[in-house]
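Note: the block below is final_33.cif and it holds mmCIF, C-alpha atoms.
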data_data
loop_
_atom_site.group_PDB
_atom_site.id
_atom_site.type_symbol
_atom_site.label_atom_id
_atom_site.label_comp_id
_atom_site.auth_asym_id
_atom_site.auth_seq_id
_atom_site.Cartn_x
_atom_site.Cartn_y
_atom_site.Cartn_z
ATOM 1 C CA MET A 1 69.347 172.527 137.483
ATOM 2 C CA VAL A 2 69.693 176.257 138.126
ATOM 3 C CA ALA A 3 67.471 179.308 138.041
ATOM 4 C CA THR A 4 66.165 180.100 134.556
ATOM 5 C CA SER A 5 67.594 183.614 134.818
ATOM 6 C CA THR A 6 71.145 182.173 134.783
ATOM 7 C CA LEU A 7 70.803 179.366 132.258
ATOM 8 C CA ASN A 8 73.141 180.559 129.505
ATOM 9 C CA ASP A 9 75.904 177.992 128.810
ATOM 10 C CA GLN A 10 74.517 175.621 131.444
ATOM 11 C CA ILE A 11 74.171 171.855 130.891
ATOM 12 C CA ILE A 12 70.676 170.585 131.665
ATOM 13 C CA ASN A 13 70.382 166.997 132.949
ATOM 14 C CA GLN A 14 73.534 166.114 131.000
ATOM 15 C CA LYS A 15 71.437 166.312 127.835
ATOM 16 C CA TYR A 16 71.199 169.899 126.660
ATOM 17 C CA LYS A 17 73.567 172.844 126.547
ATOM 18 C CA ILE A 18 71.769 176.166 126.744
ATOM 19 C CA GLN A 19 72.822 178.746 124.155
ATOM 20 C CA LYS A 20 70.568 181.783 124.448
ATOM 21 C CA LEU A 21 67.161 183.094 125.439
ATOM 22 C CA ILE A 22 64.836 183.312 122.429
ATOM 23 C CA GLY A 23 61.406 183.969 123.919
ATOM 24 C CA VAL A 24 59.499 184.977 127.034
ATOM 25 C CA GLY A 25 55.855 184.139 127.743
ATOM 26 C CA GLY A 26 53.390 184.292 130.578
ATOM 27 C CA LEU A 27 54.272 180.834 131.878
ATOM 28 C CA GLY A 28 57.852 180.378 130.845
ATOM 29 C CA ARG A 29 61.041 181.297 129.058
ATOM 30 C CA VAL A 30 62.224 179.621 125.868
ATOM 31 C CA TYR A 31 65.886 178.963 125.142
ATOM 32 C CA LYS A 32 67.762 177.730 122.136
ATOM 33 C CA ALA A 33 69.927 174.795 123.198
ATOM 34 C CA THR A 34 72.004 171.983 121.728
ATOM 35 C CA ASP A 35 70.997 168.352 122.103
ATOM 36 C CA ILE A 36 74.440 167.067 123.161
ATOM 37 C CA LYS A 37 73.934 163.487 122.018
ATOM 38 C CA ARG A 38 72.467 164.313 118.611
ATOM 39 C CA GLU A 39 74.393 167.556 118.142
ATOM 40 C CA LYS A 40 71.260 169.305 116.929
ATOM 41 C CA PRO A 41 69.560 172.517 118.025
ATOM 42 C CA VAL A 42 66.378 172.315 120.107
ATOM 43 C CA ALA A 43 64.099 174.758 121.902
ATOM 44 C CA ILE A 44 63.488 174.338 125.636
ATOM 45 C CA LYS A 45 60.583 175.983 127.445
ATOM 46 C CA PHE A 46 61.184 176.316 131.189
ATOM 47 C CA LEU A 47 58.390 177.085 133.609
ATOM 48 C CA ASN A 48 59.122 180.415 135.285
ATOM 49 C CA GLU A 49 60.654 179.768 138.687
ATOM 50 C CA GLY A 50 58.282 182.232 140.340
ATOM 51 C CA LEU A 51 55.302 180.089 139.341
ATOM 52 C CA VAL A 52 56.436 176.652 140.482
ATOM 53 C CA SER A 53 54.557 176.937 143.783
ATOM 54 C CA ASN A 54 51.280 177.715 142.008
ATOM 55 C CA GLN A 55 49.394 174.430 141.714
ATOM 56 C CA ALA A 56 47.069 175.734 138.992
ATOM 57 C CA VAL A 57 50.034 176.833 136.867
ATOM 58 C CA LEU A 58 51.796 173.521 137.459
ATOM 59 C CA GLY A 59 48.671 171.753 136.271
ATOM 60 C CA THR A 60 48.504 173.908 133.142
ATOM 61 C CA PHE A 61 52.166 173.270 132.351
ATOM 62 C CA HIS A 62 51.798 169.534 132.915
ATOM 63 C CA ARG A 63 48.757 169.414 130.663
ATOM 64 C CA GLU A 64 50.698 171.251 127.947
ATOM 65 C CA LEU A 65 53.502 168.715 128.319
ATOM 66 C CA LEU A 66 51.137 165.753 127.938
ATOM 67 C CA LEU A 67 49.277 167.318 125.030
ATOM 68 C CA THR A 68 52.316 168.334 122.986
ATOM 69 C CA SER A 69 53.848 164.877 123.391
ATOM 70 C CA LYS A 70 50.916 163.491 121.376
ATOM 71 C CA LEU A 71 50.986 166.009 118.522
ATOM 72 C CA HIS A 72 52.649 164.983 115.274
ATOM 73 C CA HIS A 73 52.017 167.206 112.255
ATOM 74 C CA LYS A 74 54.215 169.043 109.767
ATOM 75 C CA ASN A 75 52.693 172.400 110.732
ATOM 76 C CA ILE A 76 53.002 171.962 114.487
ATOM 77 C CA VAL A 77 56.308 172.415 116.314
ATOM 78 C CA GLY A 78 57.500 168.898 117.128
ATOM 79 C CA TYR A 79 57.844 167.545 120.661
ATOM 80 C CA LYS A 80 61.193 166.014 121.668
ATOM 81 C CA ASP A 81 61.450 165.523 125.422
ATOM 82 C CA SER A 82 60.226 166.837 128.776
ATOM 83 C CA HIS A 83 60.957 166.905 132.486
ATOM 84 C CA PHE A 84 58.376 167.464 135.211
ATOM 85 C CA ASN A 85 59.760 167.397 138.716
ATOM 86 C CA PRO A 86 58.772 170.669 140.415
ATOM 87 C CA PRO A 87 60.429 173.066 140.787
ATOM 88 C CA HIS A 88 62.295 171.854 137.678
ATOM 89 C CA CYS A 89 59.978 171.647 134.690
ATOM 90 C CA TYR A 90 60.668 171.972 130.984
ATOM 91 C CA ILE A 91 59.479 170.916 127.528
ATOM 92 C CA VAL A 92 61.903 170.268 124.671
ATOM 93 C CA SER A 93 60.752 170.780 121.085
ATOM 94 C CA ASP A 94 62.178 171.154 117.603
ATOM 95 C CA TYR A 95 64.070 174.383 117.086
ATOM 96 C CA VAL A 96 62.565 176.440 114.268
ATOM 97 C CA ASP A 97 65.227 178.448 112.469
ATOM 98 C CA GLY A 98 63.157 181.498 111.692
ATOM 99 C CA TRP A 99 60.817 183.966 113.377
ATOM 100 C CA ASN A 100 57.496 184.144 115.109
ATOM 101 C CA GLY A 101 54.890 186.113 113.192
ATOM 102 C CA SER A 102 55.434 189.270 115.225
ATOM 103 C CA GLN A 103 59.194 189.221 114.627
ATOM 104 C CA PHE A 104 58.594 188.467 110.958
ATOM 105 C CA SER A 105 56.230 191.414 110.517
ATOM 106 C CA SER A 106 58.631 193.747 112.308
ATOM 107 C CA ARG A 107 61.380 192.652 109.963
ATOM 108 C CA VAL A 108 59.588 192.772 106.599
ATOM 109 C CA GLY A 109 56.768 195.221 107.247
ATOM 110 C CA GLN A 110 53.410 194.522 105.623
ATOM 111 C CA VAL A 111 53.391 191.052 104.091
ATOM 112 C CA PRO A 112 52.111 190.728 100.492
ATOM 113 C CA PRO A 113 48.515 189.423 100.585
ATOM 114 C CA LEU A 114 49.279 186.265 98.611
ATOM 115 C CA VAL A 115 52.180 185.419 100.930
ATOM 116 C CA ALA A 116 50.031 186.084 104.014
ATOM 117 C CA LEU A 117 47.339 183.814 102.581
ATOM 118 C CA ALA A 118 49.955 181.128 101.893
ATOM 119 C CA ILE A 119 51.109 181.360 105.509
ATOM 120 C CA CYS A 120 47.528 180.929 106.702
ATOM 121 C CA VAL A 121 46.913 177.946 104.406
ATOM 122 C CA ASP A 122 49.728 176.095 106.151
ATOM 123 C CA LEU A 123 48.728 177.408 109.580
ATOM 124 C CA LEU A 124 45.170 176.190 109.078
ATOM 125 C CA GLN A 125 46.405 172.698 108.253
ATOM 126 C CA GLY A 126 47.942 172.553 111.721
ATOM 127 C CA VAL A 127 44.767 173.977 113.264
ATOM 128 C CA ASP A 128 42.644 171.418 111.394
ATOM 129 C CA TYR A 129 44.823 168.627 112.799
ATOM 130 C CA LEU A 130 44.207 169.911 116.329
ATOM 131 C CA HIS A 131 40.453 170.154 115.816
ATOM 132 C CA LEU A 132 40.249 166.661 114.334
ATOM 133 C CA HIS A 133 41.905 165.452 117.551
ATOM 134 C CA ASP A 134 39.374 167.329 119.704
ATOM 135 C CA ILE A 135 41.799 170.054 120.723
ATOM 136 C CA VAL A 136 41.188 173.803 120.540
ATOM 137 C CA HIS A 137 44.388 175.875 120.682
ATOM 138 C CA SER A 138 42.600 178.784 122.399
ATOM 139 C CA ASP A 139 45.511 181.253 122.092
ATOM 140 C CA ILE A 140 46.322 181.658 118.410
ATOM 141 C CA SER A 141 48.101 184.967 117.919
ATOM 142 C CA ILE A 142 50.727 186.308 115.566
ATOM 143 C CA ALA A 143 53.381 185.542 118.215
ATOM 144 C CA ASN A 144 52.358 181.864 118.311
ATOM 145 C CA VAL A 145 52.924 181.334 114.601
ATOM 146 C CA MET A 146 56.451 180.381 113.526
ATOM 147 C CA ILE A 147 57.824 180.931 110.010
ATOM 148 C CA GLY A 148 60.951 178.951 109.208
ATOM 149 C CA ARG A 149 63.690 180.019 106.828
ATOM 150 C CA ASN A 150 62.697 177.023 104.700
ATOM 151 C CA GLY A 151 59.235 178.509 104.149
ATOM 152 C CA ARG A 152 57.411 176.141 106.474
ATOM 153 C CA VAL A 153 54.836 177.466 108.944
ATOM 154 C CA PHE A 154 54.331 176.071 112.449
ATOM 155 C CA LEU A 155 51.822 176.549 115.237
ATOM 156 C CA THR A 156 53.288 176.642 118.731
ATOM 157 C CA ASP A 157 52.529 177.313 122.435
ATOM 158 C CA PHE A 158 49.764 175.013 123.658
ATOM 159 C CA GLY A 159 49.593 176.229 127.246
ATOM 160 C CA PHE A 160 45.893 177.144 126.993
ATOM 161 C CA SER A 161 44.755 174.342 124.678
ATOM 162 C CA VAL A 162 41.620 172.474 125.711
ATOM 163 C CA ASP A 163 39.379 169.577 124.803
ATOM 164 C CA PRO A 164 36.094 171.513 124.535
ATOM 165 C CA SER A 165 34.036 168.384 125.192
ATOM 166 C CA VAL A 166 35.372 168.034 128.732
ATOM 167 C CA GLU A 167 36.784 171.430 129.744
ATOM 168 C CA SER A 168 36.512 175.115 128.999
ATOM 169 C CA TYR A 169 37.800 178.501 130.112
ATOM 170 C CA MET A 170 34.364 179.901 130.884
ATOM 171 C CA GLU A 171 34.463 182.599 133.545
ATOM 172 C CA GLN A 172 38.195 183.104 132.967
ATOM 173 C CA THR A 173 40.065 185.829 131.111
ATOM 174 C CA PHE A 174 43.041 184.586 129.102
ATOM 175 C CA GLY A 175 44.600 184.825 125.668
ATOM 176 C CA THR A 176 46.541 187.538 123.842
ATOM 177 C CA PRO A 177 45.208 191.134 123.673
ATOM 178 C CA GLY A 178 44.453 192.053 120.076
ATOM 179 C CA PHE A 179 43.866 188.389 119.228
ATOM 180 C CA TYR A 180 40.752 187.568 121.228
ATOM 181 C CA SER A 181 37.686 185.907 119.754
ATOM 182 C CA PRO A 182 34.217 186.981 120.959
ATOM 183 C CA GLU A 183 34.169 183.872 123.142
ATOM 184 C CA HIS A 184 37.290 185.076 124.949
ATOM 185 C CA ILE A 185 35.781 188.374 126.032
ATOM 186 C CA THR A 186 32.240 187.147 126.741
ATOM 187 C CA ARG A 187 33.687 184.249 128.748
ATOM 188 C CA ALA A 188 31.665 181.821 126.666
ATOM 189 C CA LYS A 189 32.915 178.344 125.900
ATOM 190 C CA ILE A 190 35.971 178.353 123.614
ATOM 191 C CA ILE A 191 35.168 176.374 120.462
ATOM 192 C CA PRO A 192 36.975 175.469 117.199
ATOM 193 C CA SER A 193 35.606 178.526 115.394
ATOM 194 C CA SER A 194 37.212 180.665 118.132
ATOM 195 C CA ASP A 195 40.555 179.508 116.722
ATOM 196 C CA LEU A 196 39.442 180.378 113.188
ATOM 197 C CA TYR A 197 38.475 183.865 114.317
ATOM 198 C CA CYS A 198 41.998 184.307 115.686
ATOM 199 C CA VAL A 199 43.582 182.935 112.495
ATOM 200 C CA ALA A 200 41.707 185.639 110.587
ATOM 201 C CA LEU A 201 43.177 188.231 112.967
ATOM 202 C CA VAL A 202 46.652 186.841 112.234
ATOM 203 C CA LEU A 203 45.967 187.079 108.487
ATOM 204 C CA TRP A 204 44.770 190.684 108.890
ATOM 205 C CA SER A 205 47.806 191.565 111.003
ATOM 206 C CA LEU A 206 50.272 190.125 108.480
ATOM 207 C CA ILE A 207 48.718 192.096 105.626
ATOM 208 C CA THR A 208 48.175 195.445 107.363
ATOM 209 C CA GLY A 209 50.763 195.385 110.143
ATOM 210 C CA GLU A 210 48.089 195.805 112.816
ATOM 211 C CA THR A 211 45.083 194.037 114.302
ATOM 212 C CA PRO A 212 41.548 195.383 113.798
ATOM 213 C CA LEU A 213 40.935 194.951 117.523
ATOM 214 C CA SER A 214 42.147 196.968 120.463
ATOM 215 C CA PHE A 215 45.065 195.682 122.530
ATOM 216 C CA THR A 216 43.133 196.566 125.675
ATOM 217 C CA LYS A 217 41.673 193.962 128.022
ATOM 218 C CA ASN A 218 38.493 196.005 128.420
ATOM 219 C CA PRO A 219 35.688 193.682 127.212
ATOM 220 C CA LYS A 220 33.326 196.531 126.363
ATOM 221 C CA LYS A 221 35.840 198.262 124.076
ATOM 222 C CA ILE A 222 36.884 194.992 122.420
ATOM 223 C CA LYS A 223 33.281 193.955 121.817
ATOM 224 C CA GLU A 224 32.575 197.334 120.230
ATOM 225 C CA ALA A 225 35.590 196.922 117.932
ATOM 226 C CA MET A 226 34.499 193.394 116.980
ATOM 227 C CA LYS A 227 31.056 194.580 115.977
ATOM 228 C CA ASN A 228 32.412 197.498 113.938
ATOM 229 C CA ILE A 229 35.324 196.033 111.978
ATOM 230 C CA SER A 230 36.058 198.153 108.907
ATOM 231 C CA PHE A 231 37.638 196.419 105.936
ATOM 232 C CA HIS A 232 38.849 199.615 104.248
ATOM 233 C CA LYS A 233 42.416 198.982 105.444
ATOM 234 C CA ILE A 234 42.630 195.896 103.230
ATOM 235 C CA LYS A 235 44.070 197.674 100.209
ATOM 236 C CA ILE A 236 44.738 195.557 97.105
ATOM 237 C CA ALA A 237 44.532 196.934 93.573
ATOM 238 C CA ASP A 238 43.447 193.575 92.174
ATOM 239 C CA ARG A 239 39.731 193.836 92.946
ATOM 240 C CA THR A 240 39.076 190.132 92.428
ATOM 241 C CA VAL A 241 41.691 189.158 95.015
ATOM 242 C CA ARG A 242 40.612 191.912 97.400
ATOM 243 C CA ASN A 243 36.951 190.938 97.241
ATOM 244 C CA ALA A 244 37.759 187.264 97.757
ATOM 245 C CA LEU A 245 40.064 188.034 100.686
ATOM 246 C CA ILE A 246 37.532 190.287 102.374
ATOM 247 C CA LYS A 247 34.892 187.595 101.926
ATOM 248 C CA VAL A 248 37.125 185.145 103.838
ATOM 249 C CA LEU A 249 37.825 187.684 106.579
ATOM 250 C CA LYS A 250 34.188 188.654 106.977
ATOM 251 C CA LYS A 251 33.121 185.040 107.344
ATOM 252 C CA ALA A 252 35.860 184.135 109.826
ATOM 253 C CA LEU A 253 35.365 187.341 111.820
ATOM 254 C CA CYS A 254 31.625 187.075 112.325
ATOM 255 C CA TYR A 255 30.778 188.046 115.877
ATOM 256 C CA HIS A 256 28.297 185.194 116.155
ATOM 257 C CA SER A 257 30.063 181.842 115.848
ATOM 258 C CA PHE A 258 27.146 180.214 113.992
ATOM 259 C CA PHE A 259 27.983 182.219 110.854
ATOM 260 C CA ARG A 260 31.729 181.508 110.834
ATOM 261 C CA TYR A 261 33.555 178.757 108.975
ATOM 262 C CA LYS A 262 32.541 175.323 110.185
ATOM 263 C CA SER A 263 36.067 173.947 109.949
ATOM 264 C CA ALA A 264 39.685 174.963 109.437
ATOM 265 C CA LYS A 265 39.665 172.836 106.290
ATOM 266 C CA HIS A 266 36.946 174.976 104.715
ATOM 267 C CA MET A 267 38.741 178.198 105.593
ATOM 268 C CA SER A 268 42.040 176.826 104.310
ATOM 269 C CA TYR A 269 40.388 175.843 101.039
ATOM 270 C CA ASP A 270 39.016 179.355 100.494
ATOM 271 C CA CYS A 271 42.441 180.882 101.224
ATOM 272 C CA TYR A 272 44.117 178.430 98.851
ATOM 273 C CA ARG A 273 41.558 179.074 96.124
ATOM 274 C CA ILE A 274 42.505 182.772 96.108
ATOM 275 C CA ILE A 275 46.244 182.173 95.659
ATOM 276 C CA ASN A 276 45.692 179.323 93.229
ATOM 277 C CA ARG A 277 43.451 181.516 91.084
ATOM 278 C CA VAL A 278 46.417 183.812 90.390
ATOM 279 C CA GLY A 279 48.819 180.977 89.626
ATOM 280 C CA LEU A 280 50.399 180.146 92.990
ATOM 281 C CA SER A 281 49.914 176.397 93.325
ATOM 282 C CA TYR A 282 52.243 175.700 96.245
ATOM 283 C CA PRO A 283 51.853 177.927 99.324
ATOM 284 C CA ARG A 284 55.243 177.040 100.780
ATOM 285 C CA ALA A 285 56.937 177.929 97.490
ATOM 286 C CA GLY A 286 55.412 181.393 97.613
ATOM 287 C CA ILE A 287 56.562 181.912 101.205
ATOM 288 C CA LEU A 288 60.064 180.713 100.362
ATOM 289 C CA GLN A 289 60.258 182.992 97.320
ATOM 290 C CA PHE A 290 59.361 185.950 99.515
ATOM 291 C CA LEU A 291 62.085 184.993 102.011
ATOM 292 C CA ILE A 292 64.597 184.806 99.165
ATOM 293 C CA ASP A 293 63.536 188.201 97.846
ATOM 294 C CA GLN A 294 63.878 189.661 101.343
ATOM 295 C CA LYS A 295 67.328 188.034 101.689
ATOM 296 C CA LEU A 296 66.155 186.167 104.787
ATOM 297 C CA THR A 297 67.312 182.738 103.640
ATOM 298 C CA THR A 298 70.293 181.284 101.841
ATOM 299 C CA GLN A 299 68.126 178.785 99.984
ATOM 300 C CA LYS A 300 67.883 179.216 96.248
ATOM 301 C CA PHE A 301 64.597 178.640 94.543
ATOM 302 C CA ALA A 302 63.133 179.672 91.217
ATOM 303 C CA LEU A 303 59.379 180.133 91.333
ATOM 304 C CA PRO A 304 58.071 179.390 87.815
ATOM 305 C CA GLN A 305 54.688 180.904 88.576
ATOM 306 C CA GLN A 306 52.921 184.225 88.535
ATOM 307 C CA SER A 307 54.363 186.902 90.811
ATOM 308 C CA ILE A 308 53.527 186.625 94.518
ATOM 309 C CA TYR A 309 53.218 190.406 94.629
ATOM 310 C CA LEU A 310 50.092 192.423 93.925
ATOM 311 C CA GLU A 311 49.800 196.190 93.744
#

Could you quickly redo this structure as structure tokens?
Amino acid sequence: MVATSTLNDQIINQKYKIQKLIGVGGLGRVYKATDIKREKPVAIKFLNEGLVSNQAVLGTFHRELLLTSKLHHKNIVGYKDSHFNPPHCYIVSDYVDGWNGSQFSSRVGQVPPLVALAICVDLLQGVDYLHLHDIVHSDISIANVMIGRNGRVFLTDFGFSVDPSVESYMEQTFGTPGFYSPEHITRAKIIPSSDLYCVALVLWSLITGETPLSFTKNPKKIKEAMKNISFHKIKIADRTVRNALIKVLKKALCYHSFFRYKSAKHMSYDCYRIINRVGLSYPRAGILQFLIDQKLTTQKFALPQQSIYLE
């Protein structure tokens, strides 16, 4: 293997041919590659070469490798293969032909509320699967949500995921600025409702194009923003939909975890009930219709339901 900075066109372990860099994170770099044997695209996350001597980072990467190998759900990016022989470490997963949430928002601008809710319905199914298996993602942000050209939504990047019954990130600062839960900044134990708080921030960001929190790492400023969230930026002419959406956001974004949703399933149900009330029965169909309208997919689909757009 060679340095990750020179991977383009390289063959990795006689299995994968690197095509191009598609993402950069705190722990690693993600490349699109071709599985030579199967002739199918995959994504490969390499641990940054500058971190391979850090035992704590190696442990985090190895834990991510073990965890992702056990996850099997339609709304979670699928695991394919891995290699852990420091300094050469990587994780191979399904390649999602699409965008992360940040790229998606940059491309389309503010996402229609019903489409954003549909995205979160699918996202929450993946989150619910994690929680039922005693895993808290701990770093849900708009960049860690993938939206495929087929309308399917995936959760990705499990580098900070924990089993809250046996481990926590207390007394540590981590996560994505702008997508912290109160537990992140108070260094309290990360719990399932911490994930739901962050899902609500993703929903807000898709609809408005921004997060209600500051992108700073200053706990005092973030805490102040969390306690003074204003919902005036949620602008929807349909008052019934707006009121229902704000009710979901207020519950998920409660500063005190006791008052938040008790499960991802309950939050998903409330999101689905809003879109179903206006005639959108299949979340993925609404997402796909939006992609078609934006000319972001070649798929053809007629949505015989009420419009996914609200004034």

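Look at A:Ile292: the protein and nucleic acid residues within 10 Å of it, using all atoms listed in the file and passing over chain neighbours fewer than 4 places away, are Arg149, Asn150, Gly151, Gly286, Ile287, Leu288, Leu296, Thr297, Thr298, Gln299, Lys300, Phe301 and Ala302 of chain A.
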
Taking (49.3, 167.6, 128.4) as a centre in this file's frame and 12 Å as the limit, can you find every polymer residue with an atom that close, using all atoms listed in the file, and give them as number ranges by chain?
A: 58-71, 79, 82, 84, 91, 135, 157-163

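The closest residue to A:Leu196, picked from A:Arg242, A:Lys250, A:Pro177, A:Thr211 and counting all atoms listed in the file, is A:Lys250.
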
Atom CA of A:Lys20 and atom CA of A:Cys89, how far apart in Å?
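One can read the atom CA of A:Cys89 to atom CA of A:Lys20 distance as 17.9 Å.
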
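Here atom CA of A:Cys198 and atom CA of A:Ser307 stand 27.9 Å from one another.
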
List the spatial neighbours of A:Pro192 as JSON, numbers by chain - criterion: any atom at most 12 Å away, all atoms listed in the file, same-chain residues fewer than 2 positions off excluded.
{"A": [124, 127, 128, 129, 130, 131, 132, 133, 134, 135, 136, 137, 138, 139, 140, 161, 162, 163, 164, 165, 168, 181, 183, 189, 190, 194, 195, 196, 197, 198, 199, 252, 257, 258, 260, 261, 262, 263, 264, 265]}

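With atom CA of A:Trp204 on one side and atom CA of A:Phe290 on the other, the separation reads 18.0 Å.
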
Atoms are missing here; could stretch 223-235 of chain A be completed with N, CA and C atoms and written as a PDB file, in the coordinates of the input?
ATOM      1  N   LYS A 223      34.543 194.372 122.429  1.00  0.00           N
ATOM      2  CA  LYS A 223      33.281 193.955 121.817  1.00  0.00           C
ATOM      3  C   LYS A 223      32.804 194.989 120.801  1.00  0.00           C
ATOM      4  N   GLU A 224      32.955 196.261 121.151  1.00  0.00           N
ATOM      5  CA  GLU A 224      32.575 197.334 120.230  1.00  0.00           C
ATOM      6  C   GLU A 224      33.403 197.271 118.953  1.00  0.00           C
ATOM      7  N   ALA A 225      34.715 197.026 119.104  1.00  0.00           N
ATOM      8  CA  ALA A 225      35.590 196.922 117.932  1.00  0.00           C
ATOM      9  C   ALA A 225      35.214 195.715 117.074  1.00  0.00           C
ATOM     10  N   MET A 226      34.876 194.606 117.713  1.00  0.00           N
ATOM     11  CA  MET A 226      34.499 193.394 116.980  1.00  0.00           C
ATOM     12  C   MET A 226      33.239 193.591 116.147  1.00  0.00           C
ATOM     13  N   LYS A 227      32.323 194.369 116.674  1.00  0.00           N
ATOM     14  CA  LYS A 227      31.056 194.580 115.977  1.00  0.00           C
ATOM     15  C   LYS A 227      31.139 195.681 114.927  1.00  0.00           C
ATOM     16  N   ASN A 228      32.272 196.382 114.886  1.00  0.00           N
ATOM     17  CA  ASN A 228      32.412 197.498 113.938  1.00  0.00           C
ATOM     18  C   ASN A 228      33.719 197.411 113.144  1.00  0.00           C
ATOM     19  N   ILE A 229      34.101 196.199 112.762  1.00  0.00           N
ATOM     20  CA  ILE A 229      35.324 196.033 111.978  1.00  0.00           C
ATOM     21  C   ILE A 229      35.146 196.651 110.597  1.00  0.00           C
ATOM     22  N   SER A 230      36.063 197.527 110.232  1.00  0.00           N
ATOM     23  CA  SER A 230      36.058 198.153 108.907  1.00  0.00           C
ATOM     24  C   SER A 230      37.108 197.487 108.036  1.00  0.00           C
ATOM     25  N   PHE A 231      36.733 197.138 106.832  1.00  0.00           N
ATOM     26  CA  PHE A 231      37.638 196.419 105.936  1.00  0.00           C
ATOM     27  C   PHE A 231      38.338 197.351 104.942  1.00  0.00           C
ATOM     28  N   HIS A 232      38.245 198.657 105.174  1.00  0.00           N
ATOM     29  CA  HIS A 232      38.849 199.615 104.248  1.00  0.00           C
ATOM     30  C   HIS A 232      40.374 199.569 104.271  1.00  0.00           C
ATOM     31  N   LYS A 233      40.958 199.045 105.367  1.00  0.00           N
ATOM     32  CA  LYS A 233      42.416 198.982 105.444  1.00  0.00           C
ATOM     33  C   LYS A 233      43.001 197.837 104.630  1.00  0.00           C
ATOM     34  N   ILE A 234      42.153 196.971 104.119  1.00  0.00           N
ATOM     35  CA  ILE A 234      42.630 195.896 103.230  1.00  0.00           C
ATOM     36  C   ILE A 234      42.710 196.485 101.827  1.00  0.00           C
ATOM     37  N   LYS A 235      43.894 196.963 101.473  1.00  0.00           N
ATOM     38  CA  LYS A 235      44.070 197.674 100.209  1.00  0.00           C
ATOM     39  C   LYS A 235      44.839 196.808  99.214  1.00  0.00           C
TER      40      LYS A 235
END
